[in-house]
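**Q** Structure below; questions to follow.
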Protein chains: 2
Amino acid sequence: MSAPVRIAIDAMGGDHGPEVVLPGVELARVRHPDTSFLLFGDEAAIRPILARYPALSTASRIIHTDVVVGMDDKPSQALRRGRYKSSMWRCIDAVKAGEADAAVSAGNTGALMAMAKVNLRTMPGIGRPAIAAIWPTLRGESIVLDVGASIGATSQSLIEMAIMGSAMASTVFDIERPTVGLLNVGVEEVKGVEEVKEAGRILREEGVAGVNYFGFVEGNDIGSGTVDVVVTEGFSGNIALKTAEGTAKQIASYLRAALSRTWRAKLGYLLARDAFAALREKLDPRRSNGGVFLGLNGVVIKSHGGTDAEGFAAAVDLGYDMVRHRLLERIEKSIVTRLPAAGRGSEPVEAEGSS
Amino acid sequence: MSAPVRIAIDAMGGDHGPEVVLPGVELARVRHPDTSFLLFGDEAAIRPILARYPALSTASRIIHTDVVVGMDDKPSQALRRGRYKSSMWRCIDAVKAGEADAAVSAGNTGALMAMAKVNLRTMPGIGRPAIAAIWPTLRGESIVLDVGASIGATSQSLIEMAIMGSAMASTVFDIERPTVGLLNVGVEEVKGVEEVKEAGRILREEGVAGVNYFGFVEGNDIGSGTVDVVVTEGFSGNIALKTAEGTAKQIASYLRAALSRTWRAKLGYLLARDAFAALREKLDPRRSNGGVFLGLNGVVIKSHGGTDAEGFAAAVDLGYDMVRHRLLERIEKSIVTRLPAAGRGSEPVEAEGSS
């Protein structure tokens, strides 16, 4: 039997702190009884809530911290105030120290990424980390990265993301050779940003081990599930993610309005309410809650700050899956396979031979 | 009474050419009887279709052209093959020659923009053109630009887009001081791309005549209608637009599937079908068909290539509105108001005084 998964929790993170985080952890624990938890935060706030869940109490240890990183703290501020002593830092630090296999926080993204970078460092062969989101599609689910860790990306960063995204897709969706697309503004090879074109050329012509390259994809391909992994730099990735969330909310609101306008529509709604419940579940943002920080020497999951217990539980589930299916090892393996090829390109002899 | 509006039509543009374009023009003509049309394209193909619409025949003149710009032609190819003689070029040229007030084409975007730039040139004070889309929102409609004319944007380009978008919003929505937001990845002032931050600083601190600046907005603010005008560079704008289209399709598909699964759901759908018809109309991409090329010395409207007659008619309507409400004059006026301020900044005395 495999060892239990140990997850470090930032109990103070998010808009509601332990009131939402702990019930969320309990939901995840029920689904994964082979998990133990380290709860970082204000002991006086955590203890009474934890007391409601005897089984979780048994599976958890509280580590008291005094400092809470604010949801609006800038990354530099958070590091100044919260380094070494905040619940956020300590929970990441538990991963670094080998006391936990993954860290989960609903705290502010910029601060969490800054602390994770400073403390865990990027993996060998990875220039900088990315945030990956799981995106519901018509074909099931896809992974989209980067949804906001960095702005802009070199062709090298895009290729690293293709590798990391592929490893994550294999892990989460259990598929052998997930397809990868580069997000662009047109499917013709002539269009788009230089870096995207160059990354496309390398992936297509030279090939990269562990990456099953499909080609360029456009914004509408994300929702239709054209590829398993969509790679883009963090600005456009974040805008795509938020725009899709906005559109989903907008349509749900239209639908509610349309179905409450006449008695016939209301009656129709009542009859079809199971169908609407299924639809609501499909569109439930809590189901795909959890951004995975990729490219660090450790698993860090960011939960949406405003989520509820069910949403936080989904983020914990994601952390559990990453550990159980050995995400980091898979990425490392892909990176190592890639490194010689990347190295070769810079050797003068090879460069001359190919020119 | 004001003079009739004269619209030049690229009858060969789009996936279906005159078979869709001409019925579309007829639909628009019925709504705007004070319009005359110049139809550019293959006379042998146009004449039999036009014969079905006697009133349109009276209001139109056919100008025969031999060359058709292909939907997959690269811009350079299109210019080489189609300059001076294609239906696309000639229809833009009619605007330049003062024979038409606006040009409408469902041809390929890159070629249309290239020809429009080469032939009409950018307006004085505008560095480069942008494509603006009308976006349905929870509050009504907003304008989003640039949705794909150029990739990347300097702070100056973003400010020009703010001016042009404001002028267009005043024109189309008939509002005095439309609000303008800069699309960014976070609402805090610290985040985002340098150019976006700089444009935000200028709009906020210095102010720009004709621009009622709201601040940064995120992807989800587009659909909620937080501002009347959303400004961004063409890569992220195009991805936002296509992602929203993809999400809308995806949800419509979920909904159809959910409502056909059980007899109760089917019955519910039947009862509520008026509500669904209203929803379908709200989500109908044809209603907001038509990208407006802003910043050129002439009105050019790009219709979606795959649209039907109703969609093409919406693009013609848009061209009509732009002319009737004097979009170009409004933009020119805003630009002129802005120019002295922009000029001042580059005067050495002022620059020294402020450093």
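Residue names in the structure tokens use chain letters A, B, ... in the order shown, residue numbers from 1 in each chain, and ligand numbers from 1 in the order shown.
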Give me, as a PDB file with N, CA and C atoms, in the first residue's frame, all polymer residues having an atom no more than 12 Å from A:Ser76, counting only C-alpha atoms and skipping those fewer than 6 positions away in the same chain.
**A**
ATOM      1  N   VAL A  69      -1.412  36.726   5.435  1.00  0.00           N
ATOM      2  CA  VAL A  69      -1.198  37.528   4.226  1.00  0.00           C
ATOM      3  C   VAL A  69      -2.561  38.022   3.751  1.00  0.00           C
ATOM      4  N   GLY A  82       5.269  38.619   5.582  1.00  0.00           N
ATOM      5  CA  GLY A  82       4.840  37.256   5.878  1.00  0.00           C
ATOM      6  C   GLY A  82       5.891  36.180   5.748  1.00  0.00           C
ATOM      7  N   ARG A  83       7.094  36.558   5.281  1.00  0.00           N
ATOM      8  CA  ARG A  83       8.131  35.552   5.097  1.00  0.00           C
ATOM      9  C   ARG A  83       8.459  34.892   6.429  1.00  0.00           C
ATOM     10  N   GLY A 110      -0.838  36.453  -6.332  1.00  0.00           N
ATOM     11  CA  GLY A 110       0.476  37.057  -6.517  1.00  0.00           C
ATOM     12  C   GLY A 110       1.400  36.723  -5.362  1.00  0.00           C
ATOM     13  N   ALA A 111       0.883  36.833  -4.136  1.00  0.00           N
ATOM     14  CA  ALA A 111       1.688  36.560  -2.946  1.00  0.00           C
ATOM     15  C   ALA A 111       2.061  35.082  -2.884  1.00  0.00           C
ATOM     16  N   LEU A 112       1.096  34.227  -3.189  1.00  0.00           N
ATOM     17  CA  LEU A 112       1.348  32.784  -3.119  1.00  0.00           C
ATOM     18  C   LEU A 112       2.416  32.385  -4.131  1.00  0.00           C
ATOM     19  N   MET A 113       2.316  32.930  -5.355  1.00  0.00           N
ATOM     20  CA  MET A 113       3.307  32.602  -6.372  1.00  0.00           C
ATOM     21  C   MET A 113       4.679  33.137  -5.978  1.00  0.00           C
ATOM     22  N   ALA A 114       4.722  34.369  -5.451  1.00  0.00           N
ATOM     23  CA  ALA A 114       6.006  34.953  -5.053  1.00  0.00           C
ATOM     24  C   ALA A 114       6.659  34.100  -3.970  1.00  0.00           C
ATOM     25  N   MET A 115       5.885  33.713  -2.966  1.00  0.00           N
ATOM     26  CA  MET A 115       6.436  32.911  -1.870  1.00  0.00           C
ATOM     27  C   MET A 115       6.859  31.530  -2.357  1.00  0.00           C
ATOM     28  N   VAL A 118      10.158  31.954  -4.302  1.00  0.00           N
ATOM     29  CA  VAL A 118      11.290  32.252  -3.436  1.00  0.00           C
ATOM     30  C   VAL A 118      11.670  31.026  -2.616  1.00  0.00           C
TER      31      VAL A 118
ATOM     32  N   VAL B 190      -0.950  47.709  -9.657  1.00  0.00           N
ATOM     33  CA  VAL B 190       0.410  47.186  -9.787  1.00  0.00           C
ATOM     34  C   VAL B 190       0.577  46.164 -10.896  1.00  0.00           C
TER      35      VAL B 190
END
**Q** Chain B near chain A within 6 Å: what's each residue's closest atom pair and its distance in Å to one decimal, counting only C-alpha atoms, ordered by chain then ascending residue number, as a tab-separated table?
**A**
residue	atom	partner	partner_atom	distance
B:Gly219	CA	A:Thr243	CA	4.1
B:Asn220	CA	A:Gly246	CA	4.0
B:Gly223	CA	A:Gly246	CA	5.3
B:Ser236	CA	A:Ser236	CA	5.0
B:Ile239	CA	A:Gly219	CA	4.8
B:Ala240	CA	A:Ala240	CA	5.3
B:Lys242	CA	A:Gly219	CA	4.5
B:Thr243	CA	A:Gly219	CA	4.1
B:Ala244	CA	A:Ala244	CA	5.5
B:Gly246	CA	A:Asn220	CA	4.0
B:Thr247	CA	A:Gly223	CA	5.6
B:Ala258	CA	A:Ala275	CA	4.9
B:Leu259	CA	A:Ala275	CA	5.9
B:Arg264	CA	A:Leu271	CA	5.5
B:Ala265	CA	A:Ala272	CA	4.0
B:Gly268	CA	A:Gly268	CA	3.6
B:Tyr269	CA	A:Gly268	CA	5.9
B:Leu271	CA	A:Gly268	CA	4.8
B:Ala272	CA	A:Ala265	CA	3.9
B:Ala275	CA	A:Ala258	CA	4.9
**Q** Using N, CA, C and O atoms, can you write the selected residues to a file as a CSV table (one decimal), in the first residue's frame?
**A**
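So part31.csv came out as:
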chain,number,residue,atom,x,y,z
B,219,GLY,N,-11.3,40.2,-17.8
B,219,GLY,CA,-12.0,39.5,-18.8
B,219,GLY,C,-13.5,39.4,-18.4
B,219,GLY,O,-14.4,39.5,-19.3
B,220,ASN,N,-13.8,39.1,-17.2
B,220,ASN,CA,-15.2,38.9,-16.8
B,220,ASN,C,-16.0,40.2,-16.8
B,220,ASN,O,-17.3,40.1,-16.9
B,223,GLY,N,-18.4,40.7,-20.3
B,223,GLY,CA,-19.7,40.2,-20.3
B,223,GLY,C,-20.7,40.9,-19.4
B,223,GLY,O,-21.9,41.0,-19.6
B,236,SER,N,-4.9,39.7,-27.4
B,236,SER,CA,-5.7,39.3,-26.3
B,236,SER,C,-7.2,39.6,-26.6
B,236,SER,O,-8.1,38.9,-26.2
B,239,ILE,N,-8.5,36.8,-28.7
B,239,ILE,CA,-8.6,35.6,-27.9
B,239,ILE,C,-9.9,35.7,-27.0
B,239,ILE,O,-10.6,34.8,-26.9
B,240,ALA,N,-10.1,36.9,-26.5
B,240,ALA,CA,-11.3,37.1,-25.6
B,240,ALA,C,-12.5,36.9,-26.5
B,240,ALA,O,-13.4,36.2,-26.1
B,242,LYS,N,-13.0,35.2,-29.3
B,242,LYS,CA,-13.2,33.9,-29.8
B,242,LYS,C,-13.5,33.0,-28.6
B,242,LYS,O,-14.3,32.0,-28.7
B,243,THR,N,-12.9,33.2,-27.4
B,243,THR,CA,-13.2,32.4,-26.3
B,243,THR,C,-14.6,32.6,-25.8
B,243,THR,O,-15.3,31.6,-25.5
B,244,ALA,N,-15.1,33.8,-25.9
B,244,ALA,CA,-16.5,34.0,-25.5
B,244,ALA,C,-17.5,33.3,-26.5
B,244,ALA,O,-18.4,32.7,-26.0
B,246,GLY,N,-16.8,30.7,-28.2
B,246,GLY,CA,-16.7,29.2,-27.9
B,246,GLY,C,-17.5,28.8,-26.6
B,246,GLY,O,-18.1,27.8,-26.6
B,247,THR,N,-17.4,29.7,-25.6
B,247,THR,CA,-18.1,29.4,-24.4
B,247,THR,C,-19.6,29.4,-24.6
B,247,THR,O,-20.4,28.6,-24.1
B,258,ALA,N,-29.1,18.6,-22.3
B,258,ALA,CA,-29.8,18.4,-21.1
B,258,ALA,C,-31.3,18.4,-21.3
B,258,ALA,O,-32.0,17.6,-20.7
B,259,LEU,N,-31.8,19.2,-22.3
B,259,LEU,CA,-33.2,19.3,-22.5
B,259,LEU,C,-33.8,18.2,-23.4
B,259,LEU,O,-35.0,18.2,-23.6
B,264,ARG,N,-39.6,14.5,-19.4
B,264,ARG,CA,-40.0,15.6,-18.6
B,264,ARG,C,-39.3,16.9,-19.1
B,264,ARG,O,-39.8,18.0,-19.3
B,265,ALA,N,-38.0,16.7,-19.4
B,265,ALA,CA,-37.1,17.8,-19.8
B,265,ALA,C,-37.6,18.3,-21.2
B,265,ALA,O,-37.8,19.5,-21.5
B,268,GLY,N,-40.8,20.1,-20.7
B,268,GLY,CA,-40.5,21.4,-20.1
B,268,GLY,C,-40.0,22.4,-21.2
B,268,GLY,O,-40.3,23.6,-21.3
B,269,TYR,N,-39.1,21.8,-22.1
B,269,TYR,CA,-38.6,22.7,-23.2
B,269,TYR,C,-39.7,23.2,-24.1
B,269,TYR,O,-39.8,24.4,-24.4
B,271,LEU,N,-42.8,23.7,-23.3
B,271,LEU,CA,-43.6,24.8,-22.6
B,271,LEU,C,-42.8,26.1,-22.6
B,271,LEU,O,-43.4,27.2,-22.7
B,272,ALA,N,-41.5,26.0,-22.4
B,272,ALA,CA,-40.7,27.2,-22.2
B,272,ALA,C,-40.1,27.6,-23.6
B,272,ALA,O,-39.2,28.4,-23.6
B,275,ALA,N,-39.3,31.2,-24.3
B,275,ALA,CA,-38.2,31.7,-23.5
B,275,ALA,C,-36.9,31.3,-24.1
B,275,ALA,O,-36.0,32.1,-24.2
**Q** Enumerate as a VMD selection string all residues of stretch 67-218 of chain A assigned to strand (DSSP E or B) by DSSP on the backbone, naming them with the chain letters and numbers the document uses.
**A** chain A and resid 67 86 102 to 105 122 130 to 137 140 to 145 179 to 183 212 to 217
**Q** Residues near B:Gly24, anyone? I mean within 6 Å using only C-alpha atoms, not counting same-chain ones fewer than 2 positions away, as a CSV table (one decimal) with C-alpha atoms, in the first residue's frame.
**A**
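Below is the file result.csv, written as the result:
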chain,number,residue,atom,x,y,z
B,21,VAL,CA,-24.4,38.8,-49.7
B,22,LEU,CA,-27.2,40.0,-52.0
B,26,GLU,CA,-31.8,43.4,-49.6
B,27,LEU,CA,-32.7,42.8,-45.9
B,309,ALA,CA,-28.0,36.9,-45.1
B,310,GLU,CA,-29.3,38.1,-41.8
B,312,PHE,CA,-24.6,40.2,-43.5
B,313,ALA,CA,-27.5,42.6,-43.2
**Q** For atom CA of A:Arg324 and atom CA of A:Arg286, quote the distance in Å rounded to one decimal.
**A**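 Atom CA of A:Arg324 sits 21.6 Å away from atom CA of A:Arg286.
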**Q** Show which residues sit within 8 Å of stretch 290-297 of chain B, as a JSON list (two decimals) with C-alpha atoms, in the first residue's frame. Count only C-alpha atoms, and ignore same-chain residues fewer than 4 positions away.
**A**
[["chain", "number", "residue", "atom", "x", "y", "z"],
["B", 96, "LYS", "CA", -11.71, 56.62, -51.22],
["B", 113, "MET", "CA", -7.36, 45.34, -43.49],
["B", 116, "ALA", "CA", -7.99, 49.33, -46.46],
["B", 117, "LYS", "CA", -4.72, 50.54, -44.93],
["B", 120, "LEU", "CA", -7.48, 54.67, -47.35],
["B", 121, "ARG", "CA", -4.49, 55.34, -45.06],
["B", 122, "THR", "CA", -4.82, 56.02, -41.35],
["B", 123, "MET", "CA", -6.40, 59.22, -40.11],
["B", 126, "ILE", "CA", -3.80, 57.78, -35.53],
["B", 128, "ARG", "CA", -2.63, 52.38, -36.78],
["B", 129, "PRO", "CA", -6.15, 51.10, -37.27],
["B", 130, "ALA", "CA", -8.05, 48.76, -34.96],
["B", 131, "ILE", "CA", -11.02, 46.42, -35.38],
["B", 132, "ALA", "CA", -13.92, 47.08, -33.03],
["B", 133, "ALA", "CA", -16.60, 44.53, -32.20],
["B", 134, "ILE", "CA", -19.98, 45.08, -30.60],
["B", 164, "MET", "CA", -11.85, 55.90, -31.27],
["B", 301, "ILE", "CA", -17.07, 47.05, -42.11],
["B", 302, "LYS", "CA", -15.97, 43.44, -42.00],
["B", 303, "SER", "CA", -18.75, 40.86, -41.87],
["B", 304, "HIS", "CA", -18.06, 37.35, -40.59],
["B", 312, "PHE", "CA", -24.55, 40.21, -43.53],
["B", 314, "ALA", "CA", -26.41, 43.40, -39.66],
["B", 315, "ALA", "CA", -22.98, 44.38, -40.99],
["B", 318, "LEU", "CA", -23.65, 48.92, -38.91],
["B", 328, "LEU", "CA", -15.45, 59.67, -38.77]]
**Q** Contacts of A:Ala45 at 9 Å or less, counting only C-alpha atoms, minus same-chain residues fewer than 4 places along, as a VMD selection string?
**A** chain A and resid 18 to 19 41 49
**Q** Could you take the residues named above and write them with N, CA, C and O atoms, as a CSV table (one decimal), in the first residue's frame?
**A**
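What ended up in again.csv:
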chain,number,residue,atom,x,y,z
A,18,PRO,N,-10.7,30.1,7.9
A,18,PRO,CA,-10.9,28.7,8.4
A,18,PRO,C,-12.4,28.3,8.3
A,18,PRO,O,-12.7,27.1,8.2
A,19,GLU,N,-13.3,29.3,8.3
A,19,GLU,CA,-14.7,28.9,8.3
A,19,GLU,C,-15.1,28.2,7.0
A,19,GLU,O,-16.1,27.4,7.0
A,41,GLY,N,-2.1,28.3,10.8
A,41,GLY,CA,-3.0,29.4,11.0
A,41,GLY,C,-3.2,29.7,12.5
A,41,GLY,O,-2.5,29.1,13.3
A,49,ILE,N,-13.5,25.2,15.2
A,49,ILE,CA,-14.1,24.7,13.9
A,49,ILE,C,-13.7,23.3,13.7
A,49,ILE,O,-14.5,22.4,13.4
**Q** Residues within 12 Å of A:Tyr320, please, as an MDAnalysis selection string. Count only C-alpha atoms; anything in the same chain fewer than 3 positions from it doesn't count.
**A** chainID A and resid 4:8 25 28:29 31:37 100:104 171:172 290 292 299:301 313:317 323:327
**Q** Could you write out that same residue set with C-alpha atoms as a short mmCIF file (atom, residue, chain, number, x, y, z; two decimals), in the first residue's frame?
**A**
data_model
loop_
_atom_site.label_atom_id
_atom_site.label_comp_id
_atom_site.auth_asym_id
_atom_site.auth_seq_id
_atom_site.Cartn_x
_atom_site.Cartn_y
_atom_site.Cartn_z
CA PRO A 4 -0.60 8.44 2.93
CA VAL A 5 -0.63 11.79 1.16
CA ARG A 6 0.31 14.68 3.43
CA ILE A 7 -1.23 18.03 2.54
CA ALA A 8 -0.30 21.40 4.04
CA VAL A 25 -10.67 19.99 3.95
CA ALA A 28 -11.79 16.17 0.71
CA ARG A 29 -10.73 13.93 3.61
CA ARG A 31 -13.11 11.30 -0.37
CA HIS A 32 -9.44 10.52 0.35
CA PRO A 33 -9.20 8.89 3.78
CA ASP A 34 -5.51 8.12 3.13
CA THR A 35 -4.57 11.75 3.71
CA SER A 36 -3.15 13.66 6.66
CA PHE A 37 -3.21 17.42 7.03
CA ALA A 100 4.05 17.72 3.30
CA ASP A 101 3.61 16.53 -0.30
CA ALA A 102 1.50 19.47 -1.45
CA ALA A 103 0.37 22.89 -0.25
CA VAL A 104 -3.12 24.31 -0.81
CA THR A 171 -1.60 12.84 -14.66
CA VAL A 172 -5.08 14.28 -14.32
CA GLY A 290 -7.87 25.04 -8.25
CA VAL A 292 -1.88 24.27 -10.23
CA VAL A 299 3.16 20.93 -5.58
CA VAL A 300 1.27 24.13 -4.77
CA ILE A 301 -2.44 24.52 -5.49
CA ALA A 313 -12.34 20.61 -1.39
CA ALA A 314 -11.91 20.42 -5.19
CA ALA A 315 -8.57 22.23 -4.84
CA VAL A 316 -7.48 19.77 -2.15
CA ASP A 317 -8.57 16.87 -4.40
CA VAL A 323 0.83 13.73 -5.49
CA ARG A 324 -0.74 10.30 -6.05
CA HIS A 325 0.00 10.37 -9.76
CA ARG A 326 3.49 11.80 -9.27
CA LEU A 327 3.14 14.95 -11.33
#
**Q** Contacts of stretch 227-232 of chain A at 7 Å or less, counting only C-alpha atoms, minus same-chain residues fewer than 6 places along, as an NGL selection string?
**A** :A and (142-146 or 158 or 161-162 or 165-166 or 169 or 178-183)
**Q** Please write the residues from the selection above to a file, keeping N, CA, C and O atoms, as a compact mmCIF listing (two decimals), in the first residue's frame.
**A**
# COMPACT_ATOMS: atom_id res chain seq x y z
N SER A 142 -9.97 20.14 -20.46
CA SER A 142 -8.63 20.42 -20.97
C SER A 142 -7.85 21.19 -19.92
O SER A 142 -8.42 21.67 -18.95
N ILE A 143 -6.55 21.31 -20.15
CA ILE A 143 -5.70 22.11 -19.28
C ILE A 143 -5.28 23.36 -20.05
O ILE A 143 -4.89 23.26 -21.22
N VAL A 144 -5.42 24.51 -19.42
CA VAL A 144 -4.98 25.76 -20.04
C VAL A 144 -3.91 26.37 -19.15
O VAL A 144 -4.10 26.51 -17.94
N LEU A 145 -2.78 26.72 -19.74
CA LEU A 145 -1.73 27.40 -18.99
C LEU A 145 -0.98 28.33 -19.93
O LEU A 145 -0.97 28.06 -21.12
N ASP A 146 -0.50 29.42 -19.47
CA ASP A 146 -0.46 30.00 -18.16
C ASP A 146 -1.67 30.92 -17.99
O ASP A 146 -1.94 31.73 -18.86
N LEU A 158 7.23 28.91 -23.71
CA LEU A 158 6.04 28.25 -24.26
C LEU A 158 6.27 26.75 -24.40
O LEU A 158 5.39 25.94 -24.12
N MET A 161 6.13 25.14 -21.09
CA MET A 161 4.72 25.00 -20.68
C MET A 161 4.06 23.83 -21.39
O MET A 161 3.23 23.13 -20.81
N ALA A 162 4.44 23.62 -22.66
CA ALA A 162 3.89 22.48 -23.40
C ALA A 162 4.28 21.18 -22.71
O ALA A 162 3.46 20.26 -22.57
N GLY A 165 2.43 21.07 -19.20
CA GLY A 165 0.99 20.85 -19.41
C GLY A 165 0.71 19.42 -19.85
O GLY A 165 -0.27 18.81 -19.41
N SER A 166 1.59 18.88 -20.70
CA SER A 166 1.41 17.49 -21.14
C SER A 166 1.54 16.53 -19.96
O SER A 166 0.73 15.60 -19.81
N ALA A 169 -1.58 16.80 -17.93
CA ALA A 169 -2.73 16.17 -18.58
C ALA A 169 -2.66 14.65 -18.46
O ALA A 169 -3.66 13.99 -18.19
N PRO A 178 -1.35 13.24 -24.54
CA PRO A 178 -2.29 14.36 -24.68
C PRO A 178 -1.85 15.29 -25.82
O PRO A 178 -0.66 15.51 -26.03
N THR A 179 -2.83 15.83 -26.55
CA THR A 179 -2.51 16.76 -27.63
C THR A 179 -2.32 18.17 -27.07
O THR A 179 -2.97 18.56 -26.11
N VAL A 180 -1.41 18.92 -27.70
CA VAL A 180 -1.07 20.26 -27.22
C VAL A 180 -1.26 21.27 -28.34
O VAL A 180 -0.79 21.05 -29.46
N GLY A 181 -1.94 22.37 -28.05
CA GLY A 181 -2.09 23.46 -29.02
C GLY A 181 -1.52 24.75 -28.47
O GLY A 181 -1.53 24.98 -27.26
N LEU A 182 -0.98 25.58 -29.37
CA LEU A 182 -0.52 26.91 -28.97
C LEU A 182 -1.63 27.90 -29.31
O LEU A 182 -2.09 27.96 -30.45
N LEU A 183 -2.05 28.68 -28.32
CA LEU A 183 -3.12 29.64 -28.54
C LEU A 183 -2.62 30.79 -29.42
O LEU A 183 -1.57 31.37 -29.15
**Q** Restricting the calculation to only C-alpha atoms, which member of A:Thr226, A:Ser155, A:Ser105, A:Ser170 is positioned closest to A:Leu203?
**A**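 The answer is A:Ser155, which sits nearest to A:Leu203.
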**Q** Could you check how far atom CA of B:Val68 sits from atom CA of B:Met88, in Å to one decimal?
**A**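 Pair atom CA of B:Val68 / atom CA of B:Met88 returns 7.4 Å.
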**Q** Using only C-alpha atoms, which of A:Ile46, A:Met12, A:Val30, A:Ala59 sits nearest A:Ser87?
**A**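 Under the stated criterion, the closest residue is A:Met12.
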**Q** Mind giving me the straight-line distance from atom CA of B:Gly215 to atom CA of B:Gly200 in Å, one decimal?
**A**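 Distance reported for this atom pair: 6.8 Å.
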